[in-house]
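Trainee: Take a look at the following structure, please.
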Amino acid sequence: MKWSLKESSLPNTDNVVIAPPEGKLGVLIPGMGAVATTFIAGVEAVKRGLGQPIGSLTQLATIRLGKRTEGRTPLVKDFVPLASLEDLVCGGWDIFPDTAYEAAVNAQVLEKTLLDQLKEPLRAIQPMKGVFAPEYVRRLNGTYIKQAPTKMDLSEMLVDDIRQFQKSSGVARTVMVWCGSTEVHHKPAEVHQSLAAFERGLADNDPNIAPSQIYAYASLKCGIPFANGAPNLTTDVPALLEMARDRQVPICGKDFKTGQTFMKTMVAPGLKSRMLGCRGWYSTNILGNRDGEVLDDPEAFKTKEETKLSVLDHILQPQLYPMLYQDLYHVVRINYYPPRGDAKEGWDNIDIFGWLGYPMQIKINFLCRDSILAAPIVLDLALFMDLAQRAGMKGIQEWLSFYFKAPMTAPGLYPEHDIFIQLMKLKNTLRWMRGEDLITHLGLEYYD
Ligand SMILES: NC(=O)c1ccc[n+]([C@@H]2O[C@H](COP(=O)([O-])OP(=O)(O)OC[C@H]3O[C@@H](n4cnc5c(N)ncnc54)[C@H](O)[C@@H]3O)[C@@H](O)[C@H]2O)c1
């Protein structure tokens, strides 16, 4: 469906000017594995009427405007001008040469009978050779890799790939969503402190520059918004933040919020809202896909653990509620267990306490499908990042925190993890863009 906003139903006081989503939107994905191919196949399936975009806020959610008595509740996609699914063109890179069809079959997320109906468009997507460094992802031996003397040369090869993709596909705009593997734990170094230092580091092959950062640099250099679906450091360093701001490009991350953390950020705000205490939260998972294999490396898991652990502290605020949360013992484990493939299973044991300190327990057993939960997030991020760019928004897009385990924020600002606050932030940003009143949920006006 084309952009079909009824102009007459809109106020003319928009806070930003949003360019219309004319032409095709390119979605470039470094890492064409389980998540990426489930997203691409899903879009093709929806386009052909073979499935519904369940889990996608841009496709299904509505947004209330004005007072509850006004009855104005358009679909999000009718309220802000988003690219339509028909206009998406996907491409990407991997360190293995499999087409999107082969990669989707190997990932074993979607049924072969469905994939066979989508063979033609999926086979047409052949990844471009990846930029890879085995010291950053130690469990994979990539065979389909760019070679060049320096990291700067590699970034230029990525820029050429991007230009080539834009030319051959005829897209009018492009976004990039990182769906590649989790890199080993990596802290900001000297080379990340400014763009000048970073560019020197690219030319000097500084070992502290990770492959994901070379992709992000190429993306920003081309003025392409970059969303980070992994917990990797990537754009969370002064050099790339500076580049995003200076070049007026939106960025967001990190780490898609899917299975267990999604549950955690729903349950923890509920416990806190009733001032119930929490002594311990033990989370464990079994997972058997390639992501699970990469995370079996303790250094890669450390990157993931950091984003997973930070969530509870920020939601429960033990510094404000020491009686309830000061000594909370929080453990997160991921166990690689190949028989499960993508069908992850997560267990949470939550030791809570109530009135007079009496203990209680909550058990959550979530039999989820990782990539089924992640695919609609890729779609929403691609569409919203494109919207942000057309609206002239630049740098960190905190309003997209809703989609991430470790939302990026301005330096010094703590991230908002509570999923309900995140949703309100997202919808209020859309209202703000279109000059609508923000919804405060105060409600006193109904009783005047
Ligand atoms: N599935 C989820 O629910 C979920 C949730 C949060 C985050 N993630 C993250 O999303 C990413 C993708 O997950 P997945 O399940 O699709 O994993 P996957 O292993 O199936 O896919 C990752 C792909 O990236 C490729 N790759 C690795 N390094 C690369 C590089 N430098 N350049 C190009 N390609 C590269 C791999 O070959 C692989 O095909 C992972 O980092 C994962 O941690 C996934």
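So you can find residues: chains in the structure tokens are A, B, ... in the order shown, residues in each start at 1, and ligands are numbered from 1 in order.
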Quick one: residues within 8 Å of ligand 1, with only C-alpha atoms and all ligand atoms, as a PDB file with N, CA and C atoms, in the first residue's frame?
Mentor:
```
ATOM      1  N   PRO A  30      24.479  -6.363   7.291  1.00  0.00           N
ATOM      2  CA  PRO A  30      25.683  -7.150   7.515  1.00  0.00           C
ATOM      3  C   PRO A  30      25.299  -8.356   8.379  1.00  0.00           C
ATOM      4  N   GLY A  31      25.547  -9.578   7.873  1.00  0.00           N
ATOM      5  CA  GLY A  31      25.191 -10.792   8.625  1.00  0.00           C
ATOM      6  C   GLY A  31      23.864 -11.354   8.174  1.00  0.00           C
ATOM      7  N   MET A  32      23.911 -12.188   7.111  1.00  0.00           N
ATOM      8  CA  MET A  32      22.656 -12.728   6.578  1.00  0.00           C
ATOM      9  C   MET A  32      22.422 -14.131   7.143  1.00  0.00           C
ATOM     10  N   GLY A  33      22.217 -14.194   8.454  1.00  0.00           N
ATOM     11  CA  GLY A  33      21.980 -15.471   9.134  1.00  0.00           C
ATOM     12  C   GLY A  33      20.507 -15.666   9.444  1.00  0.00           C
ATOM     13  N   ALA A  34      20.238 -16.263  10.619  1.00  0.00           N
ATOM     14  CA  ALA A  34      18.872 -16.639  10.975  1.00  0.00           C
ATOM     15  C   ALA A  34      17.937 -15.429  11.044  1.00  0.00           C
ATOM     16  N   VAL A  35      18.338 -14.389  11.762  1.00  0.00           N
ATOM     17  CA  VAL A  35      17.450 -13.235  11.934  1.00  0.00           C
ATOM     18  C   VAL A  35      17.203 -12.548  10.589  1.00  0.00           C
ATOM     19  N   ALA A  36      18.298 -12.280   9.870  1.00  0.00           N
ATOM     20  CA  ALA A  36      18.170 -11.529   8.621  1.00  0.00           C
ATOM     21  C   ALA A  36      17.296 -12.280   7.618  1.00  0.00           C
ATOM     22  N   THR A  37      17.519 -13.586   7.475  1.00  0.00           N
ATOM     23  CA  THR A  37      16.754 -14.314   6.452  1.00  0.00           C
ATOM     24  C   THR A  37      15.301 -14.517   6.891  1.00  0.00           C
ATOM     25  N   GLY A  92      22.938  -7.441   1.415  1.00  0.00           N
ATOM     26  CA  GLY A  92      23.783  -7.503   2.596  1.00  0.00           C
ATOM     27  C   GLY A  92      25.093  -8.207   2.359  1.00  0.00           C
ATOM     28  N   TRP A  93      25.753  -8.498   3.482  1.00  0.00           N
ATOM     29  CA  TRP A  93      27.068  -9.127   3.444  1.00  0.00           C
ATOM     30  C   TRP A  93      27.055 -10.349   4.346  1.00  0.00           C
ATOM     31  N   ASP A  94      27.877 -11.310   4.022  1.00  0.00           N
ATOM     32  CA  ASP A  94      28.135 -12.392   4.982  1.00  0.00           C
ATOM     33  C   ASP A  94      29.550 -12.913   4.744  1.00  0.00           C
ATOM     34  N   ILE A  95      29.989 -13.750   5.653  1.00  0.00           N
ATOM     35  CA  ILE A  95      31.334 -14.328   5.527  1.00  0.00           C
ATOM     36  C   ILE A  95      31.242 -15.745   4.965  1.00  0.00           C
ATOM     37  N   PHE A  96      30.006 -16.135   4.593  1.00  0.00           N
ATOM     38  CA  PHE A  96      29.764 -17.382   3.843  1.00  0.00           C
ATOM     39  C   PHE A  96      28.954 -16.996   2.607  1.00  0.00           C
ATOM     40  N   ALA A 103      20.700 -19.800   3.156  1.00  0.00           N
ATOM     41  CA  ALA A 103      20.919 -19.441   4.570  1.00  0.00           C
ATOM     42  C   ALA A 103      19.635 -19.652   5.373  1.00  0.00           C
ATOM     43  N   ALA A 107      19.158 -22.169   8.461  1.00  0.00           N
ATOM     44  CA  ALA A 107      18.797 -21.633   9.784  1.00  0.00           C
ATOM     45  C   ALA A 107      17.647 -22.425  10.413  1.00  0.00           C
ATOM     46  N   LYS A 129      30.813 -10.042  -0.171  1.00  0.00           N
ATOM     47  CA  LYS A 129      31.857 -10.581   0.726  1.00  0.00           C
ATOM     48  C   LYS A 129      31.989  -9.727   1.979  1.00  0.00           C
ATOM     49  N   GLY A 130      32.079 -10.373   3.126  1.00  0.00           N
ATOM     50  CA  GLY A 130      32.115  -9.671   4.398  1.00  0.00           C
ATOM     51  C   GLY A 130      33.489  -9.130   4.767  1.00  0.00           C
ATOM     52  N   VAL A 131      33.469  -8.176   5.702  1.00  0.00           N
ATOM     53  CA  VAL A 131      34.706  -7.712   6.348  1.00  0.00           C
ATOM     54  C   VAL A 131      34.758  -8.451   7.679  1.00  0.00           C
ATOM     55  N   PHE A 132      35.815  -9.208   7.893  1.00  0.00           N
ATOM     56  CA  PHE A 132      35.806 -10.129   9.038  1.00  0.00           C
ATOM     57  C   PHE A 132      37.182 -10.168   9.701  1.00  0.00           C
ATOM     58  N   ALA A 133      37.183 -10.401  11.006  1.00  0.00           N
ATOM     59  CA  ALA A 133      38.447 -10.598  11.729  1.00  0.00           C
ATOM     60  C   ALA A 133      38.192 -11.733  12.714  1.00  0.00           C
ATOM     61  N   VAL A 137      35.294 -12.772  16.196  1.00  0.00           N
ATOM     62  CA  VAL A 137      34.263 -13.826  16.273  1.00  0.00           C
ATOM     63  C   VAL A 137      35.016 -15.146  16.134  1.00  0.00           C
ATOM     64  N   LEU A 140      33.705 -18.790  14.336  1.00  0.00           N
ATOM     65  CA  LEU A 140      33.367 -18.937  12.911  1.00  0.00           C
ATOM     66  C   LEU A 140      34.633 -18.837  12.056  1.00  0.00           C
ATOM     67  N   GLY A 142      35.090 -17.908   8.593  1.00  0.00           N
ATOM     68  CA  GLY A 142      34.513 -17.365   7.360  1.00  0.00           C
ATOM     69  C   GLY A 142      35.387 -17.673   6.158  1.00  0.00           C
ATOM     70  N   TRP A 178      22.522  -4.002  11.465  1.00  0.00           N
ATOM     71  CA  TRP A 178      23.508  -5.054  11.764  1.00  0.00           C
ATOM     72  C   TRP A 178      22.802  -6.291  12.323  1.00  0.00           C
ATOM     73  N   CYS A 179      22.900  -7.407  11.592  1.00  0.00           N
ATOM     74  CA  CYS A 179      22.376  -8.692  12.078  1.00  0.00           C
ATOM     75  C   CYS A 179      23.511  -9.715  12.086  1.00  0.00           C
ATOM     76  N   GLY A 180      24.751  -9.248  12.148  1.00  0.00           N
ATOM     77  CA  GLY A 180      25.900 -10.148  12.185  1.00  0.00           C
ATOM     78  C   GLY A 180      26.144 -10.676  13.583  1.00  0.00           C
ATOM     79  N   SER A 181      27.104 -11.568  13.676  1.00  0.00           N
ATOM     80  CA  SER A 181      27.378 -12.245  14.945  1.00  0.00           C
ATOM     81  C   SER A 181      27.837 -11.269  16.028  1.00  0.00           C
ATOM     82  N   THR A 182      27.710 -11.745  17.261  1.00  0.00           N
ATOM     83  CA  THR A 182      28.202 -10.981  18.410  1.00  0.00           C
ATOM     84  C   THR A 182      29.724 -11.056  18.445  1.00  0.00           C
ATOM     85  N   GLU A 183      30.353  -9.906  18.576  1.00  0.00           N
ATOM     86  CA  GLU A 183      31.817  -9.865  18.628  1.00  0.00           C
ATOM     87  C   GLU A 183      32.293 -10.013  20.070  1.00  0.00           C
ATOM     88  N   PRO A 211      35.357  -5.288  13.108  1.00  0.00           N
ATOM     89  CA  PRO A 211      34.683  -5.283  11.804  1.00  0.00           C
ATOM     90  C   PRO A 211      33.347  -4.529  11.822  1.00  0.00           C
ATOM     91  N   SER A 212      32.553  -4.702  12.877  1.00  0.00           N
ATOM     92  CA  SER A 212      31.246  -4.018  12.890  1.00  0.00           C
ATOM     93  C   SER A 212      31.441  -2.504  12.814  1.00  0.00           C
ATOM     94  N   GLY A 229      21.839  -4.459  15.863  1.00  0.00           N
ATOM     95  CA  GLY A 229      21.043  -5.521  16.487  1.00  0.00           C
ATOM     96  C   GLY A 229      21.814  -6.427  17.419  1.00  0.00           C
ATOM     97  N   ALA A 230      23.124  -6.271  17.488  1.00  0.00           N
ATOM     98  CA  ALA A 230      23.946  -7.115  18.382  1.00  0.00           C
ATOM     99  C   ALA A 230      24.425  -6.264  19.553  1.00  0.00           C
ATOM    100  N   PRO A 231      24.969  -6.917  20.590  1.00  0.00           N
ATOM    101  CA  PRO A 231      25.441  -6.113  21.724  1.00  0.00           C
ATOM    102  C   PRO A 231      26.815  -5.470  21.499  1.00  0.00           C
ATOM    103  N   ASN A 232      27.353  -5.615  20.307  1.00  0.00           N
ATOM    104  CA  ASN A 232      28.684  -5.088  19.998  1.00  0.00           C
ATOM    105  C   ASN A 232      28.807  -3.592  20.303  1.00  0.00           C
ATOM    106  N   ASP A 255      21.483  -4.415  20.513  1.00  0.00           N
ATOM    107  CA  ASP A 255      21.039  -5.760  20.866  1.00  0.00           C
ATOM    108  C   ASP A 255      19.501  -5.878  20.884  1.00  0.00           C
ATOM    109  N   PHE A 256      18.968  -6.477  19.841  1.00  0.00           N
ATOM    110  CA  PHE A 256      17.506  -6.636  19.755  1.00  0.00           C
ATOM    111  C   PHE A 256      16.937  -7.211  21.059  1.00  0.00           C
ATOM    112  N   LYS A 257      15.864  -6.613  21.531  1.00  0.00           N
ATOM    113  CA  LYS A 257      15.239  -7.118  22.770  1.00  0.00           C
ATOM    114  C   LYS A 257      14.202  -8.160  22.381  1.00  0.00           C
ATOM    115  N   THR A 258      14.548  -9.427  22.525  1.00  0.00           N
ATOM    116  CA  THR A 258      13.611 -10.471  22.095  1.00  0.00           C
ATOM    117  C   THR A 258      13.195 -11.335  23.289  1.00  0.00           C
ATOM    118  N   GLY A 259      13.762 -12.543  23.454  1.00  0.00           N
ATOM    119  CA  GLY A 259      13.253 -13.533  24.406  1.00  0.00           C
ATOM    120  C   GLY A 259      13.214 -13.119  25.869  1.00  0.00           C
ATOM    121  N   ASN A 289      21.300 -22.461  17.768  1.00  0.00           N
ATOM    122  CA  ASN A 289      21.615 -21.969  16.418  1.00  0.00           C
ATOM    123  C   ASN A 289      23.048 -21.438  16.364  1.00  0.00           C
ATOM    124  N   ARG A 290      23.389 -20.811  15.214  1.00  0.00           N
ATOM    125  CA  ARG A 290      24.774 -20.333  15.064  1.00  0.00           C
ATOM    126  C   ARG A 290      25.073 -19.233  16.081  1.00  0.00           C
ATOM    127  N   ASP A 291      24.058 -18.441  16.397  1.00  0.00           N
ATOM    128  CA  ASP A 291      24.218 -17.399  17.418  1.00  0.00           C
ATOM    129  C   ASP A 291      24.626 -18.052  18.742  1.00  0.00           C
ATOM    130  N   GLY A 292      23.956 -19.177  19.087  1.00  0.00           N
ATOM    131  CA  GLY A 292      24.282 -19.911  20.315  1.00  0.00           C
ATOM    132  C   GLY A 292      25.720 -20.414  20.282  1.00  0.00           C
ATOM    133  N   GLU A 293      26.149 -20.847  19.105  1.00  0.00           N
ATOM    134  CA  GLU A 293      27.514 -21.369  18.968  1.00  0.00           C
ATOM    135  C   GLU A 293      28.538 -20.247  19.181  1.00  0.00           C
ATOM    136  N   VAL A 294      28.245 -19.068  18.586  1.00  0.00           N
ATOM    137  CA  VAL A 294      29.157 -17.932  18.763  1.00  0.00           C
ATOM    138  C   VAL A 294      29.195 -17.522  20.238  1.00  0.00           C
ATOM    139  N   LEU A 295      28.019 -17.542  20.886  1.00  0.00           N
ATOM    140  CA  LEU A 295      27.950 -17.098  22.282  1.00  0.00           C
ATOM    141  C   LEU A 295      28.529 -18.126  23.249  1.00  0.00           C
ATOM    142  N   LYS A 304      27.381 -10.080  25.515  1.00  0.00           N
ATOM    143  CA  LYS A 304      25.940 -10.273  25.658  1.00  0.00           C
ATOM    144  C   LYS A 304      25.522 -10.113  27.117  1.00  0.00           C
ATOM    145  N   ASP A 342      16.982 -22.937  16.602  1.00  0.00           N
ATOM    146  CA  ASP A 342      16.535 -21.569  16.899  1.00  0.00           C
ATOM    147  C   ASP A 342      15.444 -21.549  17.985  1.00  0.00           C
ATOM    148  N   ARG A 369      10.906 -18.503  19.922  1.00  0.00           N
ATOM    149  CA  ARG A 369      11.668 -18.693  18.689  1.00  0.00           C
ATOM    150  C   ARG A 369      12.375 -17.376  18.463  1.00  0.00           C
ATOM    151  N   ASP A 370      13.678 -17.450  18.639  1.00  0.00           N
ATOM    152  CA  ASP A 370      14.471 -16.227  18.646  1.00  0.00           C
ATOM    153  C   ASP A 370      14.266 -15.368  17.415  1.00  0.00           C
ATOM    154  N   SER A 371      14.405 -15.983  16.258  1.00  0.00           N
ATOM    155  CA  SER A 371      14.376 -15.173  15.034  1.00  0.00           C
ATOM    156  C   SER A 371      12.964 -14.738  14.689  1.00  0.00           C
ATOM    157  N   ILE A 372      11.957 -15.498  15.135  1.00  0.00           N
ATOM    158  CA  ILE A 372      10.565 -15.093  14.908  1.00  0.00           C
ATOM    159  C   ILE A 372      10.272 -13.814  15.696  1.00  0.00           C
ATOM    160  N   LEU A 373      10.900 -13.685  16.863  1.00  0.00           N
ATOM    161  CA  LEU A 373      10.717 -12.466  17.658  1.00  0.00           C
ATOM    162  C   LEU A 373      11.569 -11.316  17.123  1.00  0.00           C
ATOM    163  N   ALA A 374      12.721 -11.648  16.531  1.00  0.00           N
ATOM    164  CA  ALA A 374      13.645 -10.592  16.085  1.00  0.00           C
ATOM    165  C   ALA A 374      13.255 -10.006  14.719  1.00  0.00           C
ATOM    166  N   ALA A 375      12.679 -10.836  13.833  1.00  0.00           N
ATOM    167  CA  ALA A 375      12.423 -10.371  12.462  1.00  0.00           C
ATOM    168  C   ALA A 375      11.545  -9.099  12.400  1.00  0.00           C
ATOM    169  N   PHE A 404      15.493  -2.494  22.037  1.00  0.00           N
ATOM    170  CA  PHE A 404      16.861  -2.909  22.394  1.00  0.00           C
ATOM    171  C   PHE A 404      17.027  -3.324  23.850  1.00  0.00           C
ATOM    172  N   LYS A 405      17.952  -4.273  24.027  1.00  0.00           N
ATOM    173  CA  LYS A 405      18.316  -4.687  25.392  1.00  0.00           C
ATOM    174  C   LYS A 405      19.163  -3.638  26.088  1.00  0.00           C
TER     175      LYS A 405
END
```
Trainee: As a count of residues only, list the residues of stretch 192-258 of chain A assigned to helix (DSSP H, G or I) by DSSP on the backbone atoms of this structure.
Mentor: 30
Trainee: Nearest to A:Gly55 among A:Asp327, A:Asp380, A:Asp313, A:Asp448, with distances taken over only C-alpha atoms: which residue is it?
Mentor: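 Distance minimum relative to A:Gly55 lands on A:Asp380.
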Trainee: At a cut-off of 9 Å, using only C-alpha atoms, what residues contact A:Arg390? Leave out same-chain residues fewer than 4 positions from it and give the result as a list in words.
Mentor: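 Listed by chain and then number, they are Val17, Ile18, Ala19, Pro20, Pro21, Met385 and Asp386 of chain A.
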Trainee: Give me a file of those residues, with N, CA and C atoms, as a PDB file, in the first residue's frame.
Mentor:
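What follows is the written file out_2.pdb:
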```pdb
ATOM      1  N   VAL A  17       9.512  18.636   9.470  1.00  0.00           N
ATOM      2  CA  VAL A  17       9.060  18.415   8.094  1.00  0.00           C
ATOM      3  C   VAL A  17       9.543  17.029   7.698  1.00  0.00           C
ATOM      4  N   ILE A  18       8.611  16.176   7.299  1.00  0.00           N
ATOM      5  CA  ILE A  18       8.989  14.800   6.940  1.00  0.00           C
ATOM      6  C   ILE A  18       8.872  14.657   5.428  1.00  0.00           C
ATOM      7  N   ALA A  19      10.010  14.379   4.798  1.00  0.00           N
ATOM      8  CA  ALA A  19       9.965  14.168   3.346  1.00  0.00           C
ATOM      9  C   ALA A  19       9.167  12.906   3.060  1.00  0.00           C
ATOM     10  N   PRO A  20       8.394  12.881   1.987  1.00  0.00           N
ATOM     11  CA  PRO A  20       7.590  11.681   1.696  1.00  0.00           C
ATOM     12  C   PRO A  20       8.475  10.495   1.305  1.00  0.00           C
ATOM     13  N   PRO A  21       7.984   9.267   1.595  1.00  0.00           N
ATOM     14  CA  PRO A  21       8.813   8.082   1.314  1.00  0.00           C
ATOM     15  C   PRO A  21       8.733   7.680  -0.155  1.00  0.00           C
ATOM     16  N   MET A 385      13.963   4.047  11.132  1.00  0.00           N
ATOM     17  CA  MET A 385      15.226   4.768  10.891  1.00  0.00           C
ATOM     18  C   MET A 385      15.122   5.575   9.604  1.00  0.00           C
ATOM     19  N   ASP A 386      14.435   5.016   8.629  1.00  0.00           N
ATOM     20  CA  ASP A 386      14.218   5.758   7.380  1.00  0.00           C
ATOM     21  C   ASP A 386      13.341   6.986   7.650  1.00  0.00           C
TER      22      ASP A 386
END
```
Trainee: Would you please give, as a list of chain:residue names, all residues of stretch 69-272 of chain A that DSSP assigns to strand (DSSP E) based on the backbone?
Mentor: A:Leu88, A:Val89, A:Cys90, A:Gly91, A:Gly92, A:Trp93, A:Asp94, A:Met128, A:Lys129, A:Arg173, A:Thr174, A:Val175, A:Met176, A:Val177, A:Trp178, A:Phe226, A:Ala227, A:Asn228, A:Pro250, A:Ile251, A:Cys252
Trainee: With C-alpha atoms kept, could you save the residues just selected as an mmCIF file, in the first residue's frame?
Mentor:
```
data_model
loop_
_atom_site.group_PDB
_atom_site.id
_atom_site.type_symbol
_atom_site.label_atom_id
_atom_site.label_comp_id
_atom_site.auth_asym_id
_atom_site.auth_seq_id
_atom_site.Cartn_x
_atom_site.Cartn_y
_atom_site.Cartn_z
ATOM 1 C CA LEU A 88 11.758 -2.663 0.379
ATOM 2 C CA VAL A 89 14.809 -4.058 -1.407
ATOM 3 C CA CYS A 90 17.157 -6.146 0.749
ATOM 4 C CA GLY A 91 20.831 -6.885 0.347
ATOM 5 C CA GLY A 92 23.783 -7.503 2.596
ATOM 6 C CA TRP A 93 27.068 -9.127 3.444
ATOM 7 C CA ASP A 94 28.135 -12.392 4.982
ATOM 8 C CA MET A 128 28.522 -9.467 -0.753
ATOM 9 C CA LYS A 129 31.857 -10.581 0.726
ATOM 10 C CA ARG A 173 17.142 5.703 0.200
ATOM 11 C CA THR A 174 19.041 3.109 2.228
ATOM 12 C CA VAL A 175 19.278 1.981 5.864
ATOM 13 C CA MET A 176 21.662 -0.518 7.440
ATOM 14 C CA VAL A 177 20.708 -2.978 10.215
ATOM 15 C CA TRP A 178 23.508 -5.054 11.764
ATOM 16 C CA PHE A 226 22.778 2.441 11.141
ATOM 17 C CA ALA A 227 20.907 0.239 13.649
ATOM 18 C CA ASN A 228 22.866 -2.246 15.745
ATOM 19 C CA PRO A 250 20.417 8.601 12.736
ATOM 20 C CA ILE A 251 21.914 5.688 14.693
ATOM 21 C CA CYS A 252 20.464 3.331 17.286
#
```
Trainee: Leaving out A:Glu199 and any residue of its chain fewer than 4 positions from it, which residues lie within 8 Å of it when counting only C-alpha atoms, given as a list in words?
Mentor: Met152, Leu195 and Ala203 of chain A
Trainee: Export, as an mmCIF file, in the first residue's frame, the selected residues with N, CA and C atoms.
Mentor:
```cif
data_model
loop_
_atom_site.group_PDB
_atom_site.id
_atom_site.type_symbol
_atom_site.label_atom_id
_atom_site.label_comp_id
_atom_site.auth_asym_id
_atom_site.auth_seq_id
_atom_site.Cartn_x
_atom_site.Cartn_y
_atom_site.Cartn_z
ATOM 1 N N MET A 152 41.078 0.880 6.389
ATOM 2 C CA MET A 152 40.528 1.989 5.594
ATOM 3 C C MET A 152 40.169 1.483 4.193
ATOM 4 N N LEU A 195 36.870 11.225 15.723
ATOM 5 C CA LEU A 195 36.793 10.726 14.350
ATOM 6 C C LEU A 195 38.173 10.751 13.694
ATOM 7 N N ALA A 203 43.525 3.591 8.876
ATOM 8 C CA ALA A 203 44.668 3.579 7.951
ATOM 9 C C ALA A 203 45.828 2.771 8.532
#
```
Trainee: Taking only C-alpha atoms into account, name the residue in A:Gly42, A:Pro81, A:Gly23, A:Pro359 that is nearest to A:Leu383.
Mentor: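 Among the listed residues, the smallest separation from A:Leu383 belongs to A:Pro81.
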Trainee: Could you give me, as an MDAnalysis selection string, the residues within 10 Å of A:Met157, counting only C-alpha atoms and dropping anything in the same chain fewer than 5 positions from it?
Mentor: chainID A and resid 129 131 146:148 151:152 162:163 218
Trainee: With only C-alpha atoms as the basis for distance, which of A:Leu57, A:Thr235, A:Tyr337, A:Glu299 is at the shortest distance from A:Leu426?
Mentor: A:Leu57
Trainee: Let me make sure I understand: among A:Tyr325, A:Thr440, A:Gly223, A:Lys67, which one has the smallest atom-to-atom distance to A:Ala244 if we use only C-alpha atoms?
Mentor: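 Result for the nearest residue to A:Ala244: A:Gly223.
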Trainee: Just want the 12 Å neighbourhood of A:Val105, counted on only C-alpha atoms, with same-chain residues fewer than 4 positions away dropped. Output as an mmCIF file with N, CA and C atoms, in the first residue's frame.
Mentor:
```cif
data_model
loop_
_atom_site.group_PDB
_atom_site.id
_atom_site.type_symbol
_atom_site.label_atom_id
_atom_site.label_comp_id
_atom_site.auth_asym_id
_atom_site.auth_seq_id
_atom_site.Cartn_x
_atom_site.Cartn_y
_atom_site.Cartn_z
ATOM 1 N N GLY A 33 22.217 -14.194 8.454
ATOM 2 C CA GLY A 33 21.980 -15.471 9.134
ATOM 3 C C GLY A 33 20.507 -15.666 9.444
ATOM 4 N N ALA A 34 20.238 -16.263 10.619
ATOM 5 C CA ALA A 34 18.872 -16.639 10.975
ATOM 6 C C ALA A 34 17.937 -15.429 11.044
ATOM 7 N N THR A 37 17.519 -13.586 7.475
ATOM 8 C CA THR A 37 16.754 -14.314 6.452
ATOM 9 C C THR A 37 15.301 -14.517 6.891
ATOM 10 N N THR A 38 15.073 -14.594 8.193
ATOM 11 C CA THR A 38 13.679 -14.710 8.665
ATOM 12 C C THR A 38 12.941 -13.401 8.388
ATOM 13 N N ALA A 41 12.591 -13.242 4.324
ATOM 14 C CA ALA A 41 11.579 -14.198 3.863
ATOM 15 C C ALA A 41 10.202 -13.764 4.347
ATOM 16 N N ASP A 98 26.444 -18.344 0.970
ATOM 17 C CA ASP A 98 25.063 -18.827 0.770
ATOM 18 C C ASP A 98 24.110 -17.703 0.372
ATOM 19 N N THR A 99 23.208 -18.008 -0.541
ATOM 20 C CA THR A 99 22.167 -17.035 -0.872
ATOM 21 C C THR A 99 21.194 -16.969 0.313
ATOM 22 N N ALA A 100 20.293 -15.973 0.261
ATOM 23 C CA ALA A 100 19.324 -15.844 1.361
ATOM 24 C C ALA A 100 18.469 -17.114 1.450
ATOM 25 N N TYR A 101 18.217 -17.752 0.311
ATOM 26 C CA TYR A 101 17.417 -18.987 0.347
ATOM 27 C C TYR A 101 18.178 -20.084 1.098
ATOM 28 N N VAL A 109 14.512 -21.965 10.645
ATOM 29 C CA VAL A 109 13.517 -21.224 11.420
ATOM 30 C C VAL A 109 12.161 -21.363 10.743
ATOM 31 N N LEU A 110 12.129 -21.084 9.443
ATOM 32 C CA LEU A 110 10.868 -21.146 8.698
ATOM 33 C C LEU A 110 10.764 -22.498 7.997
ATOM 34 N N GLU A 111 9.532 -22.937 7.785
ATOM 35 C CA GLU A 111 9.339 -24.247 7.158
ATOM 36 C C GLU A 111 9.790 -24.230 5.707
ATOM 37 N N LYS A 112 10.346 -25.375 5.320
ATOM 38 C CA LYS A 112 10.884 -25.498 3.958
ATOM 39 C C LYS A 112 9.770 -25.261 2.925
ATOM 40 N N THR A 113 8.556 -25.693 3.250
ATOM 41 C CA THR A 113 7.463 -25.519 2.284
ATOM 42 C C THR A 113 7.197 -24.028 2.030
ATOM 43 N N LEU A 114 7.327 -23.225 3.054
ATOM 44 C CA LEU A 114 7.156 -21.778 2.865
ATOM 45 C C LEU A 114 8.346 -21.225 2.077
ATOM 46 N N LEU A 115 9.549 -21.624 2.480
ATOM 47 C CA LEU A 115 10.741 -21.091 1.803
ATOM 48 C C LEU A 115 10.741 -21.451 0.320
ATOM 49 N N ASP A 116 10.228 -22.647 -0.003
ATOM 50 C CA ASP A 116 10.210 -23.046 -1.402
ATOM 51 C C ASP A 116 9.285 -22.153 -2.242
ATOM 52 N N LEU A 118 9.116 -19.116 -1.787
ATOM 53 C CA LEU A 118 9.801 -17.809 -1.863
ATOM 54 C C LEU A 118 11.189 -17.947 -2.483
ATOM 55 N N LYS A 119 11.401 -19.114 -3.090
ATOM 56 C CA LYS A 119 12.742 -19.435 -3.589
ATOM 57 C C LYS A 119 13.292 -18.349 -4.527
ATOM 58 N N LEU A 122 14.385 -15.079 -2.799
ATOM 59 C CA LEU A 122 15.453 -15.324 -1.816
ATOM 60 C C LEU A 122 16.757 -15.740 -2.498
ATOM 61 N N ARG A 123 16.628 -16.510 -3.576
ATOM 62 C CA ARG A 123 17.834 -16.925 -4.302
ATOM 63 C C ARG A 123 18.528 -15.749 -4.970
#
```
